[in-house]
file target-v2.tsv (TSV, C-alpha atoms)
chain	number	residue	atom	x	y	z
A	16	MET	CA	16.95	8.02	4.15
A	17	GLN	CA	18.03	5.30	6.58
A	18	GLU	CA	15.50	2.48	6.59
A	19	ASP	CA	15.71	2.10	10.37
A	20	MET	CA	14.09	5.54	10.67
A	21	PHE	CA	11.03	4.66	8.56
A	22	ALA	CA	9.13	3.22	11.54
A	23	TYR	CA	9.31	6.60	13.30
A	24	TRP	CA	7.93	8.37	10.23
A	25	ILE	CA	5.06	5.88	9.97
A	26	TRP	CA	4.28	6.20	13.68
A	27	ILE	CA	4.09	9.99	13.42
A	28	ILE	CA	1.55	9.69	10.58
A	29	MET	CA	-0.43	7.18	12.68
A	30	VAL	CA	-0.67	9.78	15.46
A	31	MET	CA	-1.16	12.94	13.41
A	32	GLY	CA	-3.48	11.39	10.81
A	33	PHE	CA	-3.30	11.50	7.03
A	34	ALA	CA	-3.10	14.93	5.36
A	35	ASN	CA	-2.76	16.77	8.66
A	36	LYS	CA	-1.68	20.33	7.92
A	37	ASP	CA	0.61	20.44	11.01
A	38	THR	CA	2.69	17.32	10.28
A	39	PHE	CA	4.98	18.87	7.67
A	40	SER	CA	5.75	21.93	9.80
A	41	LEU	CA	6.53	19.74	12.83
A	42	ILE	CA	8.99	17.68	10.81
A	43	GLN	CA	10.65	20.87	9.58
A	44	LYS	CA	10.88	22.20	13.15
A	45	TYR	CA	12.42	18.99	14.52
A	46	PRO	CA	15.11	17.71	12.11
A	47	ASP	CA	15.78	14.65	14.28
A	48	ILE	CA	12.76	12.41	13.59
A	49	LYS	CA	13.55	10.22	16.61
A	50	GLU	CA	13.57	13.30	18.86
A	51	LEU	CA	10.15	14.27	17.51
A	52	TYR	CA	8.89	10.77	18.28
A	53	CYS	CA	10.13	11.05	21.87
A	54	LEU	CA	8.45	14.43	22.32
A	55	MET	CA	5.14	13.12	20.98
A	56	CYS	CA	5.28	10.19	23.39
A	57	GLN	CA	5.18	12.57	26.35
A	58	PRO	CA	1.69	12.68	28.00
A	59	ASP	CA	1.88	16.48	28.26
A	60	CYS	CA	3.05	17.11	24.67
A	61	HIS	CA	1.87	20.67	24.05
A	62	PHE	CA	1.42	20.51	20.26
A	63	LEU	CA	-0.87	17.45	20.13
A	64	THR	CA	-4.66	17.50	20.39
A	65	GLU	CA	-6.39	15.24	22.91
A	66	THR	CA	-7.29	12.83	20.12
A	67	GLN	CA	-3.69	12.71	18.94
A	68	LYS	CA	-2.45	12.07	22.49
A	69	LYS	CA	-4.83	9.09	22.69
A	70	ARG	CA	-3.49	7.81	19.38
A	71	ALA	CA	0.08	8.15	20.69
A	72	LEU	CA	-0.85	5.90	23.62
A	73	GLN	CA	-2.80	3.43	21.49
A	74	ASN	CA	-0.21	3.06	18.71
A	75	SER	CA	3.14	1.60	19.63
A	76	LEU	CA	6.28	1.73	17.52
A	77	GLU	CA	5.80	-2.02	17.03
A	78	LYS	CA	2.59	-1.29	15.08
A	79	ALA	CA	4.56	1.00	12.82
A	80	GLU	CA	7.16	-1.75	12.40
A	81	THR	CA	4.35	-4.08	11.29
A	82	ILE	CA	3.37	-1.65	8.52
A	83	LEU	CA	7.02	-1.32	7.55
A	84	GLU	CA	7.36	-5.10	7.36
A	85	THR	CA	4.29	-5.23	5.08
A	86	CYS	CA	6.02	-2.73	2.81
A	87	ARG	CA	9.11	-4.91	2.67
A	88	LYS	CA	7.15	-8.06	1.85
A	89	LYS	CA	5.12	-6.35	-0.87
A	90	GLU	CA	8.12	-4.41	-2.24
A	91	ILE	CA	6.51	-1.05	-1.51
A	92	GLY	CA	8.99	1.81	-1.30
A	93	ILE	CA	8.81	4.69	1.16
A	94	LEU	CA	9.59	8.28	0.20
A	95	THR	CA	9.79	11.00	2.86
A	96	CYS	CA	9.77	14.75	2.41
A	97	ARG	CA	13.53	14.75	3.06
A	98	ASP	CA	14.42	12.47	0.16
A	99	THR	CA	15.98	13.88	-2.99
A	100	CYS	CA	13.23	12.36	-5.18
A	101	TYR	CA	10.52	14.19	-3.24
A	102	PRO	CA	9.07	16.81	-5.65
A	103	ASP	CA	9.91	20.40	-4.74
A	104	SER	CA	6.46	21.48	-5.95
A	105	LEU	CA	4.79	19.35	-3.26
A	106	ARG	CA	6.64	21.16	-0.49
A	107	HIS	CA	4.72	24.34	-1.27
A	108	ILE	CA	1.15	23.02	-1.37
A	109	TYR	CA	-1.29	23.18	1.51
A	110	SER	CA	-0.68	20.21	3.84
A	111	PRO	CA	2.22	18.52	2.00
A	112	PRO	CA	2.37	14.74	2.51
A	113	ALA	CA	5.25	13.93	4.84
A	114	VAL	CA	5.44	10.31	3.68
A	115	LEU	CA	4.59	8.71	0.34
A	116	PHE	CA	4.43	5.01	-0.50
A	117	TYR	CA	5.33	3.89	-4.00
A	118	LYS	CA	5.94	1.13	-6.49
A	119	GLY	CA	7.98	1.84	-9.58
A	120	ASN	CA	10.61	4.52	-10.14
A	121	PRO	CA	10.28	7.67	-7.97
A	122	ALA	CA	12.84	9.45	-10.18
A	123	PHE	CA	9.98	10.15	-12.61
A	124	LEU	CA	8.71	12.70	-10.08
A	125	LYS	CA	11.62	14.90	-11.18
A	126	ASN	CA	10.55	14.95	-14.85
A	127	ASP	CA	10.16	18.50	-16.15
A	128	ASN	CA	6.85	18.10	-17.96
A	129	LEU	CA	4.50	16.38	-15.54
A	130	LEU	CA	0.89	16.99	-16.58
A	131	THR	CA	-2.08	15.84	-14.49
A	132	VAL	CA	-5.05	14.56	-16.47
A	133	VAL	CA	-8.42	14.30	-14.71
A	134	GLY	CA	-11.85	13.24	-15.89
A	135	THR	CA	-15.01	11.37	-15.03
A	136	ARG	CA	-15.29	7.63	-14.42
A	137	HIS	CA	-18.32	7.55	-16.75
A	138	PRO	CA	-17.23	9.47	-19.87
A	139	SER	CA	-19.26	10.24	-22.94
A	140	GLU	CA	-18.25	8.78	-26.30
A	141	TYR	CA	-17.01	12.25	-27.30
A	142	SER	CA	-14.77	12.51	-24.23
A	143	LEU	CA	-13.40	8.99	-24.67
A	144	ARG	CA	-12.44	9.74	-28.26
A	145	THR	CA	-10.95	13.20	-27.70
A	146	ALA	CA	-9.14	12.29	-24.46
A	147	ARG	CA	-7.57	9.20	-26.02
A	148	TYR	CA	-6.37	11.15	-29.06
A	149	LEU	CA	-5.05	14.09	-27.01
A	150	CYS	CA	-3.32	11.91	-24.39
A	151	HIS	CA	-1.51	10.00	-27.14
A	152	GLU	CA	-0.36	13.32	-28.58
A	153	LEU	CA	0.80	14.61	-25.20
A	154	ALA	CA	2.67	11.42	-24.32
A	155	ALA	CA	4.36	11.41	-27.75
A	156	ALA	CA	5.35	15.02	-27.06
A	157	ASN	CA	7.26	13.89	-23.94
A	158	PHE	CA	4.73	14.93	-21.33
A	159	THR	CA	4.62	12.58	-18.34
A	160	LEU	CA	0.91	12.00	-17.75
A	161	VAL	CA	-0.26	11.88	-14.14
A	162	SER	CA	-3.72	10.68	-13.16
A	163	GLY	CA	-5.69	9.00	-10.39
A	164	GLY	CA	-5.82	5.39	-11.57
A	165	ALA	CA	-9.62	5.28	-11.67
A	166	LEU	CA	-11.77	3.75	-14.37
A	167	GLY	CA	-12.83	5.94	-17.26
A	168	LEU	CA	-10.66	8.85	-18.35
A	169	ASP	CA	-7.91	8.24	-15.76
A	170	THR	CA	-7.36	4.84	-17.35
A	171	ILE	CA	-7.31	6.41	-20.83
A	172	ALA	CA	-4.48	8.75	-19.73
A	173	HIS	CA	-2.37	5.93	-18.27
A	174	GLN	CA	-2.97	3.57	-21.20
A	175	SER	CA	-2.13	6.25	-23.75
A	176	ALA	CA	1.25	6.91	-22.10
A	177	ILE	CA	2.02	3.18	-21.93
A	178	GLU	CA	1.14	2.71	-25.61
A	179	GLU	CA	3.52	5.56	-26.48
A	180	ASN	CA	6.26	3.91	-24.36
A	181	GLN	CA	6.30	6.91	-22.05
A	182	PRO	CA	6.25	6.89	-18.22
A	183	THR	CA	3.02	7.60	-16.36
A	184	ILE	CA	2.27	8.26	-12.69
A	185	SER	CA	-0.84	7.12	-10.81
A	186	VAL	CA	-1.69	8.85	-7.50
A	187	LEU	CA	-4.05	6.57	-5.57
A	188	GLY	CA	-6.70	7.28	-2.94
A	189	CYS	CA	-6.04	3.99	-1.12
A	190	GLY	CA	-3.19	1.70	-0.19
A	191	ILE	CA	-1.02	0.71	-3.16
A	192	ASP	CA	-1.78	-2.97	-2.54
A	193	CYS	CA	-5.58	-2.56	-2.72
A	194	ASN	CA	-7.43	-4.11	-5.66
A	195	TYR	CA	-9.10	-0.86	-6.61
A	196	PRO	CA	-10.54	-0.26	-9.06
A	197	LYS	CA	-11.47	-3.91	-9.35
A	198	GLY	CA	-9.62	-5.51	-12.26
A	199	SER	CA	-7.02	-2.74	-12.53
A	200	GLN	CA	-4.02	-4.87	-11.50
A	201	PRO	CA	-2.79	-5.57	-15.09
A	202	LEU	CA	-2.70	-1.81	-15.77
A	203	LYS	CA	-0.93	-1.18	-12.45
A	204	GLU	CA	1.75	-3.74	-13.32
A	205	LYS	CA	2.41	-1.93	-16.60
A	206	ILE	CA	2.64	1.40	-14.77
A	207	ILE	CA	5.12	-0.06	-12.27
A	208	ARG	CA	7.39	-1.30	-15.10
A	209	ASN	CA	7.70	2.17	-16.65
A	210	GLY	CA	6.24	4.68	-14.27
A	211	LEU	CA	5.12	5.06	-10.69
A	212	LEU	CA	2.26	4.17	-8.35
A	213	LEU	CA	2.05	6.68	-5.51
A	214	SER	CA	-0.06	7.00	-2.35
A	215	GLU	CA	0.12	8.72	1.03
A	216	TYR	CA	-2.00	5.93	2.55
A	217	PHE	CA	-0.63	2.88	4.34
A	218	PRO	CA	-0.84	-0.50	2.61
A	219	GLY	CA	-4.26	-2.02	3.14
A	220	ILE	CA	-6.12	1.31	3.58
A	221	PRO	CA	-9.39	0.92	1.63
A	222	PRO	CA	-10.59	3.53	-0.92
A	223	TYR	CA	-12.80	5.47	1.48
A	224	GLY	CA	-14.80	8.24	-0.19
A	225	ARG	CA	-13.10	11.05	1.74
A	226	ASN	CA	-9.64	9.87	0.63
A	227	PHE	CA	-10.12	11.07	-2.93
A	228	PRO	CA	-10.70	14.83	-2.50
A	229	VAL	CA	-7.77	14.79	-0.04
A	230	ARG	CA	-5.63	12.91	-2.58
A	231	ASN	CA	-6.43	15.51	-5.24
A	232	ARG	CA	-4.13	18.09	-3.65
A	233	ILE	CA	-1.22	15.76	-4.53
A	234	LEU	CA	-2.53	15.24	-8.07
A	235	ALA	CA	-2.51	19.02	-8.56
A	236	GLY	CA	0.69	19.59	-6.62
A	237	ILE	CA	3.19	17.33	-8.39
A	238	SER	CA	2.48	18.56	-11.93
A	239	ARG	CA	3.19	21.67	-13.96
A	240	ALA	CA	-0.48	21.97	-14.98
A	241	VAL	CA	-3.84	20.16	-14.95
A	242	LEU	CA	-5.87	19.04	-17.97
A	243	VAL	CA	-9.62	18.53	-17.44
A	244	THR	CA	-11.08	16.11	-19.99
A	245	GLU	CA	-14.70	15.87	-18.78
A	246	ALA	CA	-16.14	17.19	-15.52
A	247	SER	CA	-19.48	18.22	-14.09
A	248	ARG	CA	-19.57	21.16	-11.69
A	249	GLU	CA	-19.78	18.93	-8.61
A	250	SER	CA	-17.10	16.43	-9.60
A	251	GLY	CA	-13.81	15.66	-7.87
A	252	CYS	CA	-12.07	16.89	-11.02
A	253	MET	CA	-13.17	20.40	-10.10
A	254	ILE	CA	-11.50	20.07	-6.70
A	255	THR	CA	-8.25	19.18	-8.47
A	256	ALA	CA	-8.64	22.08	-10.92
A	257	ASN	CA	-9.42	24.58	-8.16
A	258	LEU	CA	-6.46	23.36	-6.11
A	259	ALA	CA	-4.23	23.81	-9.16
A	260	CYS	CA	-5.46	27.40	-9.50
A	261	GLU	CA	-4.73	28.06	-5.82
A	262	GLN	CA	-1.24	26.62	-6.31
A	263	GLY	CA	-0.62	28.97	-9.26
A	264	LYS	CA	-0.74	26.21	-11.88
A	265	ASP	CA	-2.22	26.46	-15.38
A	266	VAL	CA	-5.51	24.67	-16.01
A	267	PHE	CA	-6.41	23.34	-19.47
A	268	CYS	CA	-9.75	22.00	-20.67
A	269	ILE	CA	-10.95	19.97	-23.61
A	270	PRO	CA	-13.83	22.03	-25.10
A	271	PRO	CA	-17.25	20.66	-24.10
A	272	ALA	CA	-19.28	18.79	-26.69
A	273	ASP	CA	-22.42	20.65	-25.57
A	274	ILE	CA	-22.32	23.78	-23.40
A	275	TYR	CA	-25.83	22.98	-22.10
A	276	ASP	CA	-24.99	19.40	-21.09
A	277	LYS	CA	-24.38	19.14	-17.33
A	278	ARG	CA	-21.73	16.49	-17.93
A	279	TYR	CA	-19.46	19.27	-19.24
A	280	GLY	CA	-20.54	21.97	-16.76
A	281	GLY	CA	-17.18	21.99	-15.02
A	282	GLN	CA	-15.28	22.59	-18.25
A	283	SER	CA	-17.63	25.40	-19.25
A	284	ALA	CA	-17.16	27.10	-15.86
A	285	LEU	CA	-13.38	26.74	-15.94
A	286	LEU	CA	-13.13	28.08	-19.50
A	287	ARG	CA	-15.32	31.02	-18.58
A	288	ASP	CA	-13.05	31.77	-15.60
A	289	GLY	CA	-9.82	31.75	-17.63
A	290	ALA	CA	-8.74	28.14	-18.19
A	291	PHE	CA	-7.03	27.44	-21.51
A	292	CYS	CA	-8.92	25.61	-24.25
A	293	VAL	CA	-6.96	22.63	-25.62
A	294	CYS	CA	-7.44	21.07	-29.05
A	295	GLY	CA	-3.96	19.59	-29.42
A	296	ALA	CA	-0.66	19.00	-27.61
A	297	GLU	CA	0.76	22.22	-29.05
A	298	ASP	CA	-1.83	24.21	-27.04
A	299	VAL	CA	-0.36	22.80	-23.81
A	300	ALA	CA	3.25	23.08	-24.96
A	301	HIS	CA	2.71	26.76	-25.76
A	302	PHE	CA	2.15	27.59	-22.08
A	303	ILE	CA	4.75	25.28	-20.52
A	304	THR	CA	8.20	26.77	-20.84
A	305	SER	CA	10.37	23.62	-21.00
A	306	PRO	CA	11.19	22.57	-24.58
A	307	VAL	CA	8.62	20.11	-25.88
A	308	SER	CA	8.76	18.47	-29.31
A	309	VAL	CA	5.24	18.04	-30.64
A	310	PRO	CA	5.10	15.33	-33.32
A	311	ALA	CA	4.46	16.62	-36.82
A	312	VAL	CA	2.08	13.78	-37.67
A	313	PRO	CA	-0.38	12.78	-34.92
A	314	PRO	CA	-1.05	9.07	-34.36
A	315	GLU	CA	-4.00	7.49	-36.10
A	316	PRO	CA	-7.02	7.29	-33.78
A	317	GLU	CA	-7.95	3.79	-32.69
A	318	PRO	CA	-11.34	2.24	-33.48
A	319	GLU	CA	-13.85	3.40	-30.90
A	320	PRO	CA	-15.01	0.69	-28.47
A	321	PRO	CA	-18.55	0.72	-27.11
A	322	ALA	CA	-18.99	2.96	-24.08
A	323	PRO	CA	-18.18	0.86	-21.00
A	324	VAL	CA	-20.49	0.41	-18.03
A	325	TYR	CA	-18.57	0.56	-14.77
A	326	ASP	CA	-19.49	-1.18	-11.57
A	327	THR	CA	-17.78	0.72	-8.76
A	328	PRO	CA	-17.87	-1.17	-5.45
A	329	GLU	CA	-19.14	0.52	-2.33
A	330	PHE	CA	-16.86	0.88	0.67
A	331	PRO	CA	-17.76	1.89	4.23
A	332	GLU	CA	-16.72	5.36	5.31
A	333	PRO	CA	-14.24	5.70	8.18
A	334	GLU	CA	-15.15	7.08	11.57
A	335	THR	CA	-15.51	10.87	11.38
A	336	ALA	CA	-15.47	11.79	15.07
A	337	GLN	CA	-11.69	11.99	15.19
A	338	ASP	CA	-11.17	14.82	12.69
A	339	SER	CA	-13.69	17.09	14.48
A	340	ASP	CA	-11.20	17.42	17.33
A	341	SER	CA	-8.57	18.86	15.01
A	342	LEU	CA	-10.73	21.79	13.79
A	343	SER	CA	-9.72	25.24	15.00
A	344	GLU	CA	-12.12	27.75	16.53
A	345	SER	CA	-11.97	29.79	13.32
A	346	GLU	CA	-13.02	26.72	11.31
A	347	TRP	CA	-15.95	26.04	13.66
A	348	GLU	CA	-16.98	29.69	13.29
A	349	LEU	CA	-16.98	29.34	9.49
A	350	LEU	CA	-19.13	26.21	9.76
A	351	ARG	CA	-21.63	27.98	12.02
A	352	ILE	CA	-21.91	30.88	9.55
A	353	LEU	CA	-22.36	28.53	6.59
A	354	GLN	CA	-25.01	26.36	8.24
A	355	ASP	CA	-27.81	28.76	7.28
A	356	SER	CA	-26.85	29.62	3.70
A	357	GLU	CA	-23.98	29.33	1.23
A	358	LYS	CA	-21.48	32.20	1.06
A	359	ASN	CA	-18.33	33.06	-0.86
A	360	ILE	CA	-14.89	33.84	0.56
A	361	ASN	CA	-15.31	37.63	0.44
A	362	MET	CA	-18.55	37.45	2.44
A	363	LEU	CA	-16.90	35.20	5.02
A	364	CYS	CA	-13.97	37.61	5.33
A	365	CYS	CA	-16.35	40.45	6.11
A	366	MET	CA	-18.33	38.41	8.64
A	367	THR	CA	-15.30	36.97	10.49
A	368	GLY	CA	-12.74	39.75	10.13
A	369	LEU	CA	-10.18	37.19	8.95
A	370	LYS	CA	-7.80	37.81	6.06
A	371	PHE	CA	-8.61	36.30	2.66
A	372	GLU	CA	-5.69	33.85	2.72
A	373	PHE	CA	-6.69	32.48	6.14
A	374	VAL	CA	-10.32	31.98	5.11
A	375	ALA	CA	-9.22	30.26	1.88
A	376	MET	CA	-6.85	28.01	3.84
A	377	HIS	CA	-9.56	27.06	6.36
A	378	LEU	CA	-12.09	26.35	3.62
A	379	LEU	CA	-9.63	24.09	1.80
A	380	GLU	CA	-9.03	22.16	5.03
A	381	LEU	CA	-12.78	21.85	5.67
A	382	GLU	CA	-13.38	20.77	2.07
A	383	MET	CA	-10.67	18.10	2.23
A	384	LEU	CA	-12.18	16.77	5.48
A	385	GLY	CA	-15.68	16.71	3.99
A	386	TRP	CA	-17.27	19.43	6.18
A	387	VAL	CA	-18.02	21.90	3.34
A	388	VAL	CA	-18.42	21.74	-0.42
A	389	ASN	CA	-17.74	24.34	-3.12
A	390	ASN	CA	-21.14	24.85	-4.77
A	391	GLY	CA	-19.81	26.68	-7.84
A	392	HIS	CA	-18.46	30.24	-8.30
A	393	ASP	CA	-16.56	29.74	-5.01
A	394	PHE	CA	-19.72	29.66	-2.91
A	395	TYR	CA	-19.43	27.22	-0.01
A	396	LYS	CA	-22.03	25.36	2.02
A	397	VAL	CA	-21.90	22.80	4.83
A	398	THR	CA	-22.35	19.12	4.05
A	399	ASP	CA	-24.52	16.48	5.72
A	400	LYS	CA	-21.48	15.56	7.79
A	401	TYR	CA	-21.70	18.88	9.66
A	402	ARG	CA	-25.47	18.69	10.03
A	403	LYS	CA	-25.22	15.19	11.51
A	404	HIS	CA	-22.49	16.34	13.88
A	405	SER	CA	-24.41	19.40	15.07
A	406	SER	CA	-27.60	17.42	15.62
A	407	ALA	CA	-25.83	14.63	17.55

call {"tool": "encode", "arguments": {"input": "target-v2.tsv", "output": "structure tokens"}}
result
Amino acid sequence: MQEDMFAYWIWIIMVMGFANKDTFSLIQKYPDIKELYCLMCQPDCHFLTETQKKRALQNSLEKAETILETCRKKEIGILTCRDTCYPDSLRHIYSPPAVLFYKGNPAFLKNDNLLTVVGTRHPSEYSLRTARYLCHELAAANFTLVSGGALGLDTIAHQSAIEENQPTISVLGCGIDCNYPKGSQPLKEKIIRNGLLLSEYFPGIPPYGRNFPVRNRILAGISRAVLVTEASRESGCMITANLACEQGKDVFCIPPADIYDKRYGGQSALLRDGAFCVCGAEDVAHFITSPVSVPAVPPEPEPEPPAPVYDTPEFPEPETAQDSDSLSESEWELLRILQDSEKNINMLCCMTGLKFEFVAMHLLELEMLGWVVNNGHDFYKVTDKYRKHSSA
């Protein structure tokens, strides 16, 4: 990709917004990115919403050049959906990211045995011990561990790969240059040396709460499968696991320490619904077809440190008025139906007359934007965001 074209790509994301489901299809329709830019600059551009037209007027190409210059100064690479290192698996997910920012080696995205590991930021002693042992086994068995760079079990996955001298990939919910989580820079530097930091967000974008469920589609999309180490029913890990299921990926779970403990409710639900129980690297290797050499003698477990107490900083949420303009009439209809009581996809199909795949697609979009939440067993309900909007 010619570097002089990067500013046009960045500008298009500035106008369309992050994770917009239409961006990828527009770029496929218009192979000349400069031509697409010129079309979007027209006041009567037919495929832009009113909000996007305002953004096109407010954001000049010079602003995009400023972001590009920041990338140069901070040695942040740019990967577009037309680059050879862009993972083929990402092209087929819902709302593929058109542009990714990175530090490290993007060639690791082409590794055969990428495995996403997700888990809570506040793990139990049992989960810390089992996840550390299993991640060491998996890394030693030549799996490339992918996680979200958060404190807790994400950090365990990355550290285990580093200690086994294997590459690891961290998909962030903020700009690559952000100090989040606080104190994570030493780990990030190790990942950059033999791995990859990846984000669809511009440098400097803070870790807003809504970024993370949106980011999870990439976590699920770039890997062959997803391993859940500890998750409650309402956790972001469940979003990643459900997205993996929708993408046709295998989902693995560490068995819960206590089936009646809510901390492991997500694992129990996933195992009940057909996820694979994992007690060792060979359980994962059995279902992934590429040759994997599982070590005959597992590494000795490390002494267990005391359970950490994490202090996660609070960040302000971004303005939410903009994304309401991008919702379709079908999505508004689903929100109106769900405002009274939670319903599953089949019920919504009957009430709207829409096909199953369209309802599922709309619900995923609404969930990523924070308008609805999956309340378990694929029952959806509106969030406070919708109630505040409807009462305004």

call {"tool": "closest_residue", "arguments": {"input": "target-v2.tsv", "among": "A:Ala122, A:Ile237, A:Leu350, A:Leu258", "to": "A:Asp103", "atoms": "all atoms listed in the file"}}
result
A:Ile237

call {"tool": "residues_around", "arguments": {"input": "target-v2.tsv", "residues": "A:Thr170", "least_positions_apart": "4", "cutoff": "12 Å", "atoms": "all atoms listed in the file", "output": "ChimeraX atom specification"}}
result
/A:132-138,143,146-147,150,160-166,174-177,183-185,196,198-203,205-206

call {"tool": "closest_residue", "arguments": {"input": "target-v2.tsv", "among": "A:Asn361, A:Asn231, A:Gln262, A:Thr85", "to": "A:Ala34", "atoms": "all atoms listed in the file"}}
result
A:Asn231

call {"tool": "closest_residue", "arguments": {"input": "target-v2.tsv", "among": "A:Ala300, A:Ile233, A:Leu124, A:Ile93", "to": "A:Met383", "atoms": "only C-alpha atoms"}}
result
A:Ile233

call {"tool": "residues_near_point", "arguments": {"input": "target-v2.tsv", "point": "(-1.8, 7.9, 0.8)", "cutoff": "8 Å", "atoms": "all atoms listed in the file", "output": "list in words"}}
result
Phe33, Leu115, Phe116, Leu187, Gly188, Cys189, Gly190, Leu213, Ser214, Glu215, Tyr216, Phe217 and Arg230 of chain A

call {"tool": "atom_distance", "arguments": {"input": "target-v2.tsv", "atom1": "atom CA of A:Lys264", "atom2": "atom CA of A:Val241"}}
result
7.5 Å

call {"tool": "closest_residue", "arguments": {"input": "target-v2.tsv", "among": "A:Glu140, A:Asp288, A:Glu77, A:Asp127", "to": "A:Ala240", "atoms": "only C-alpha atoms"}}
result
A:Asp127

call {"tool": "residues_around", "arguments": {"input": "target-v2.tsv", "residues": "A:Leu149", "least_positions_apart": "4", "cutoff": "8 Å", "atoms": "only C-alpha atoms", "output": "list in words"}}
result
Thr145, Leu153, Cys294, Gly295 and Ala296 of chain A

call {"tool": "atom_distance", "arguments": {"input": "target-v2.tsv", "atom1": "atom CA of A:Val30", "atom2": "atom CA of A:Tyr45"}}
result
16.0 Å

call {"tool": "residues_near_point", "arguments": {"input": "target-v2.tsv", "point": "(-11.0, 34.0, 10.5)", "cutoff": "12 Å", "atoms": "only C-alpha atoms", "output": "MDAnalysis selection string"}}
result
chainID A and resid 343:350 352 360:378

call {"tool": "decode", "arguments": {"input": "target-v2.tsv", "residues": "stretch 58-63 of chain A", "atoms": "all heavy atoms", "output": "PDB file, in the first residue's frame"}}
result
ATOM      1  N   PRO A  58     -21.539  17.343  -1.562  1.00  0.00           N
ATOM      2  CA  PRO A  58     -22.632  17.633  -0.609  1.00  0.00           C
ATOM      3  C   PRO A  58     -23.851  16.732  -0.781  1.00  0.00           C
ATOM      4  O   PRO A  58     -24.578  16.479   0.171  1.00  0.00           O
ATOM      5  CB  PRO A  58     -22.980  19.100  -0.915  1.00  0.00           C
ATOM      6  CG  PRO A  58     -21.779  19.643  -1.617  1.00  0.00           C
ATOM      7  CD  PRO A  58     -21.173  18.511  -2.372  1.00  0.00           C
ATOM      8  N   ASP A  59     -24.077  16.252  -2.011  1.00  0.00           N
ATOM      9  CA  ASP A  59     -25.253  15.413  -2.272  1.00  0.00           C
ATOM     10  C   ASP A  59     -24.903  13.928  -2.372  1.00  0.00           C
ATOM     11  O   ASP A  59     -25.611  13.156  -3.023  1.00  0.00           O
ATOM     12  CB  ASP A  59     -25.944  15.865  -3.561  1.00  0.00           C
ATOM     13  CG  ASP A  59     -25.007  15.808  -4.770  1.00  0.00           C
ATOM     14  OD1 ASP A  59     -23.782  15.666  -4.559  1.00  0.00           O
ATOM     15  OD2 ASP A  59     -25.504  15.908  -5.910  1.00  0.00           O
ATOM     16  N   CYS A  60     -23.811  13.518  -1.724  1.00  0.00           N
ATOM     17  CA  CYS A  60     -23.399  12.103  -1.762  1.00  0.00           C
ATOM     18  C   CYS A  60     -24.539  11.219  -1.266  1.00  0.00           C
ATOM     19  O   CYS A  60     -25.000  11.349  -0.122  1.00  0.00           O
ATOM     20  CB  CYS A  60     -22.155  11.908  -0.902  1.00  0.00           C
ATOM     21  SG  CYS A  60     -21.525  10.229  -0.929  1.00  0.00           S
ATOM     22  N   HIS A  61     -25.012  10.299  -2.110  1.00  0.00           N
ATOM     23  CA  HIS A  61     -26.239   9.570  -1.828  1.00  0.00           C
ATOM     24  C   HIS A  61     -26.077   8.466  -0.790  1.00  0.00           C
ATOM     25  O   HIS A  61     -27.068   8.026  -0.190  1.00  0.00           O
ATOM     26  CB  HIS A  61     -26.804   8.953  -3.114  1.00  0.00           C
ATOM     27  CG  HIS A  61     -25.938   7.882  -3.702  1.00  0.00           C
ATOM     28  ND1 HIS A  61     -24.808   8.165  -4.454  1.00  0.00           N
ATOM     29  CD2 HIS A  61     -26.020   6.520  -3.632  1.00  0.00           C
ATOM     30  CE1 HIS A  61     -24.249   7.036  -4.838  1.00  0.00           C
ATOM     31  NE2 HIS A  61     -24.947   6.026  -4.349  1.00  0.00           N
ATOM     32  N   PHE A  62     -24.837   7.984  -0.563  1.00  0.00           N
ATOM     33  CA  PHE A  62     -24.690   6.854   0.365  1.00  0.00           C
ATOM     34  C   PHE A  62     -24.244   7.274   1.767  1.00  0.00           C
ATOM     35  O   PHE A  62     -23.944   6.431   2.604  1.00  0.00           O
ATOM     36  CB  PHE A  62     -23.728   5.794  -0.204  1.00  0.00           C
ATOM     37  CG  PHE A  62     -22.392   6.314  -0.657  1.00  0.00           C
ATOM     38  CD1 PHE A  62     -21.407   6.653   0.268  1.00  0.00           C
ATOM     39  CD2 PHE A  62     -22.108   6.444  -2.000  1.00  0.00           C
ATOM     40  CE1 PHE A  62     -20.174   7.118  -0.135  1.00  0.00           C
ATOM     41  CE2 PHE A  62     -20.868   6.910  -2.422  1.00  0.00           C
ATOM     42  CZ  PHE A  62     -19.909   7.252  -1.488  1.00  0.00           C
ATOM     43  N   LEU A  63     -24.195   8.559   2.062  1.00  0.00           N
ATOM     44  CA  LEU A  63     -23.846   9.037   3.395  1.00  0.00           C
ATOM     45  C   LEU A  63     -25.081   9.508   4.150  1.00  0.00           C
ATOM     46  O   LEU A  63     -26.004  10.078   3.557  1.00  0.00           O
ATOM     47  CB  LEU A  63     -22.842  10.198   3.310  1.00  0.00           C
ATOM     48  CG  LEU A  63     -21.456   9.903   2.740  1.00  0.00           C
ATOM     49  CD1 LEU A  63     -20.601  11.160   2.795  1.00  0.00           C
ATOM     50  CD2 LEU A  63     -20.775   8.768   3.487  1.00  0.00           C
TER      51      LEU A  63
END
